[in-house]
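Notes follow once the structure below has been shown.
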Amino acid sequence: MDLNTMLSQLETADEEAIEKFLRQYIRENSHTFSFDQKEESLRSKLCQSVLSVLGRRVKPSCQKTCLETLRILSRDKRVLAPVATREGMLILGGMARLSAGEEGDDNQNISQEETQSEEEERVVVEALKCLCNVVYNSPAAQQVSVDVQLVHGLCATLRTARTWHHEVGLFTLRLLFLVSALRPDVRGVLRREWHAVRLLTEVLEHTLDVSWVGPYEAAGPDPQAPPMPAEDNERAMEALKALFNLTLSDTGGEEDDHHFRLIAAILRHLLMLKTETEEKTEEAHSHAINLLNNLPVSCLDVLIDVPVQGGLEIYGGKNMDAVQMLIDFMEKRMDKQGSNYKEGLTPVLSLLTEGSRHHREIRRYIKAQVLPPLKDVKIRPEIGTTTRNKLVRLMTHVDMGVKQTAAEFLFVLCKESVDNLLKYTGYGNAAGLLVARGLLAGGRGETQYSEDEDSDTEEYKSAKPFINPITGHVEEPMPNPIEEMTEEQKEYEAQKLVNMFDKLSRQNVIRPMGVRPDGTLAPLEETLCDPPEDSGSDSD
């Protein structure tokens, strides 16, 4: 049936006929995601007609059919004008049982949730799906959702999480994620006025079935227990994504150190869980890592301070299970062929970097795994299959963010000592970091570290005098190309090289640079003019 005929029939049809016409449209378009532009105005009119039906008192089966039709139509952002209105959003909010700020209260929402039938629940789910599509595709709808305080209804629904059916919870959380992602200005309101971070934390705690054995210590998962159900994992990931948006910046929320530590403890528990597939486990861990990056770095000690379950004596009794999970995750992401390192790898590298910078035990444990004492220095540091080899290769990655993050991670593991870093990477691989930090002349970064570990192996000590500092390995002896030249030939070749450099410099193909006394790069002529700085004491 074409749209013109359907629209004319809908104007006079009764409830049963409306369902029949719309079901036919649903059957024909359920898998349609690209629409004919010539029929835009007709689809827009169909949106308006469907909303008019929903505005009347019709039975739940008709509501569900109307909403399924609207969900299909809402895939086309060009026809959403009738829906992206105050009236349209309030109708959908009412169908979704979201008590918008001016339309109801929390008690009404709870009582509705408890008394709805299975058919009424399908209406709620379809309305939530429609809202997700409309909010995602229409900036106008995003503004209206703010105007009618849709987030108030969402937060009121979060309070009923223990009575949720799966899809109601899933799409409620997804809608909250979309609103908080697309409207950054709403994040502060969600945190301050509607306490969304606390509510989402409670949802996460319930969904993951956390059982506390200490102030910030959840009971470890039973090794014999089945993996986390897929539905629970889906809802947990939506909650994590919404929490990530709300904690992305300091918007003056109600949260204190205690609450952030509670979140960190829940995320530690999640890192120790497994889901029904390895792929979904990795996805859940990825969202947990993203959120951990938003928490104050002082809270990361919760990851290793697990007194009831115990820890390793050599690391001050700290439990490194969660840190090992993060290292394993990093390894998987580095080994993924064709993956987007910027999105997939840099978050875990940043987390491990900051954890190592501020927590000595974390740094010591990671360094033992990533940068063990050097023995074989005959192979270049970027060649091989060890974690160190992979990270050194990333130091020269084409993506600036990836190379900087990998280099910073290794630098922190070396306690921000240039000499230690060069020992593991070679000068060539580390040059980018040293230029950015102004450390080409050597020295240390600004962070203060404890004095510990870093003893060289006998193999390294014996090979050290023969290591090429640029490449970071012992090179095979190379024949001297000027050994058989006369002095005149050597002078001729040297002058030829000078002339080549001079020509390239004059043509601005290259620019000779030098290192200032403070370790920063500058044009060569400037560095030759800089007087050397006197130093009364030896450097570190």
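Chain lettering (A, B, ...) mirrors the order of the structure tokens, residue numbering begins at 1 for each chain separately, and ligand numbering begins at 1 in order of display.
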For Ala407 (chain A): contacts at 9 Å, only C-alpha atoms, fewer than 2 positions along chain excluded, given as a JSON list (two decimals) with C-alpha atoms, in the first residue's frame:
[["chain", "number", "residue", "atom", "x", "y", "z"],
["A", 391, "LEU", "CA", 55.45, -0.60, 23.05],
["A", 392, "VAL", "CA", 58.75, 0.62, 21.60],
["A", 394, "LEU", "CA", 54.38, 2.31, 19.10],
["A", 395, "MET", "CA", 56.78, 5.12, 20.03],
["A", 396, "THR", "CA", 57.18, 5.79, 16.29],
["A", 402, "VAL", "CA", 49.33, 6.82, 20.19],
["A", 403, "LYS", "CA", 53.08, 7.45, 20.03],
["A", 404, "GLN", "CA", 52.96, 10.06, 22.81],
["A", 405, "THR", "CA", 50.87, 7.84, 25.10],
["A", 409, "PHE", "CA", 53.95, 5.09, 29.68],
["A", 410, "LEU", "CA", 57.49, 3.74, 29.26],
["A", 411, "PHE", "CA", 58.97, 7.01, 30.56],
["A", 412, "VAL", "CA", 56.94, 6.76, 33.78],
["A", 429, "ASN", "CA", 62.78, 5.78, 19.38],
["A", 430, "ALA", "CA", 62.70, 8.17, 22.35],
["A", 432, "GLY", "CA", 59.99, 12.47, 19.98],
["A", 433, "LEU", "CA", 59.25, 12.32, 23.71]]
Among region 152-318 of chain A, which residues does DSSP mark as strand (DSSP E or B) when it is run on the backbone? Keep the chain and numbering as in the structure and answer as an NGL selection string. :A and (212-214 or 217-218 or 228 or 275 or 312 or 318)
Preceding selection exported with N, CA and C atoms as a compact mmCIF listing (two decimals), in the first residue's frame:
# COMPACT_ATOMS: atom_id res chain seq x y z
N TRP A 212 29.56 -6.83 49.28
CA TRP A 212 30.68 -6.14 49.93
C TRP A 212 31.22 -6.96 51.10
N VAL A 213 32.56 -7.05 51.17
CA VAL A 213 33.21 -7.72 52.31
C VAL A 213 34.10 -6.74 53.07
N GLY A 214 34.21 -5.52 52.57
CA GLY A 214 34.99 -4.47 53.22
C GLY A 214 34.50 -3.13 52.72
N GLU A 217 35.73 -3.11 49.16
CA GLU A 217 36.16 -4.42 48.66
C GLU A 217 34.94 -5.31 48.42
N ALA A 218 34.76 -5.67 47.15
CA ALA A 218 33.68 -6.58 46.79
C ALA A 218 34.20 -8.02 46.84
N MET A 228 28.70 -13.99 33.65
CA MET A 228 27.63 -13.00 33.79
C MET A 228 26.67 -13.10 32.60
N THR A 275 32.07 -12.66 30.93
CA THR A 275 30.73 -12.78 30.36
C THR A 275 30.67 -14.03 29.49
N LEU A 312 50.27 -9.64 47.37
CA LEU A 312 51.63 -10.16 47.24
C LEU A 312 52.56 -9.45 48.21
N LYS A 318 49.88 -5.73 48.54
CA LYS A 318 48.84 -5.26 47.63
C LYS A 318 48.43 -6.37 46.66
Within 10 Å of region 360-372 of chain A, which residues of region 275-320 of chain A show up? Give each one with its shortest atom-to-atom distance in Å (one decimal) and the two atoms involved, counting only C-alpha atoms, rows by chain then rising residue number, as a tab-separated table.
residue	atom	partner	partner_atom	distance
A:Leu300	CA	A:Ile362	CA	9.6
A:Asp301	CA	A:Ile362	CA	8.7
A:Leu303	CA	A:Ile362	CA	9.5
A:Ile304	CA	A:Ile362	CA	8.0
A:Ile314	CA	A:Glu361	CA	9.1
A:Tyr315	CA	A:Glu361	CA	5.6
A:Gly316	CA	A:Glu361	CA	7.3
A:Gly317	CA	A:Glu361	CA	9.5
A:Lys318	CA	A:Glu361	CA	7.5
A:Asn319	CA	A:Glu361	CA	9.7
A:Met320	CA	A:Tyr365	CA	7.7
Neighbouring residues of Glu278 (chain A) were defined as those with any atom within 12 Å, considering only C-alpha atoms; residues of the same chain fewer than 5 positions away were excluded. Please report them as a PyMOL selection string. chain A and resi 227-228+230+273+283-285+329+332
Pick out the residues sitting within 12 Å of region 55-63 of chain A, and hand them over as a ChimeraX atom specification; count only C-alpha atoms, and ignore anything fewer than 5 positions along from it in its own chain. /A:14-23,48-50,68-70,87-96,116-127
Counting only C-alpha atoms, what is within 8 Å of region 136-140 of chain A, bar same-chain residues fewer than 4 positions away, as a list in words? Ser74, Arg75, Asp76, Lys77, Leu80, Ala84, Thr85, Cys132, Val144, Leu178 and Leu182 of chain A
What parts of region 294-354 of chain A does DSSP call helix (DSSP H, G or I)? I'd like the answer as a PyMOL selection string. chain A and resi 294+297-303+313-315+321-335+341-344+346-354
Please identify all polymer residues within 6 Å of region 514-528 of chain A, counting only C-alpha atoms, omitting same-chain residues fewer than 3 positions from it, and present them as an NGL selection string. :A and (438-441)
Requested write-out: N, CA, C and O atoms of the selected residues, as a PDB file, in the first residue's frame:
ATOM      1  N   GLY A 438      61.479  18.626  26.337  1.00  0.00           N
ATOM      2  CA  GLY A 438      62.662  19.468  26.531  1.00  0.00           C
ATOM      3  C   GLY A 438      63.761  18.756  27.294  1.00  0.00           C
ATOM      4  O   GLY A 438      64.451  19.351  28.128  1.00  0.00           O
ATOM      5  N   LEU A 439      63.939  17.460  27.007  1.00  0.00           N
ATOM      6  CA  LEU A 439      64.910  16.647  27.748  1.00  0.00           C
ATOM      7  C   LEU A 439      65.982  16.057  26.842  1.00  0.00           C
ATOM      8  O   LEU A 439      66.572  15.018  27.135  1.00  0.00           O
ATOM      9  N   LEU A 440      66.241  16.717  25.697  1.00  0.00           N
ATOM     10  CA  LEU A 440      67.261  16.188  24.788  1.00  0.00           C
ATOM     11  C   LEU A 440      68.641  16.177  25.421  1.00  0.00           C
ATOM     12  O   LEU A 440      69.514  15.397  25.026  1.00  0.00           O
ATOM     13  N   ALA A 441      68.847  17.045  26.394  1.00  0.00           N
ATOM     14  CA  ALA A 441      70.146  17.085  27.070  1.00  0.00           C
ATOM     15  C   ALA A 441      70.222  16.105  28.235  1.00  0.00           C
ATOM     16  O   ALA A 441      71.211  16.061  28.963  1.00  0.00           O
TER      17      ALA A 441
END
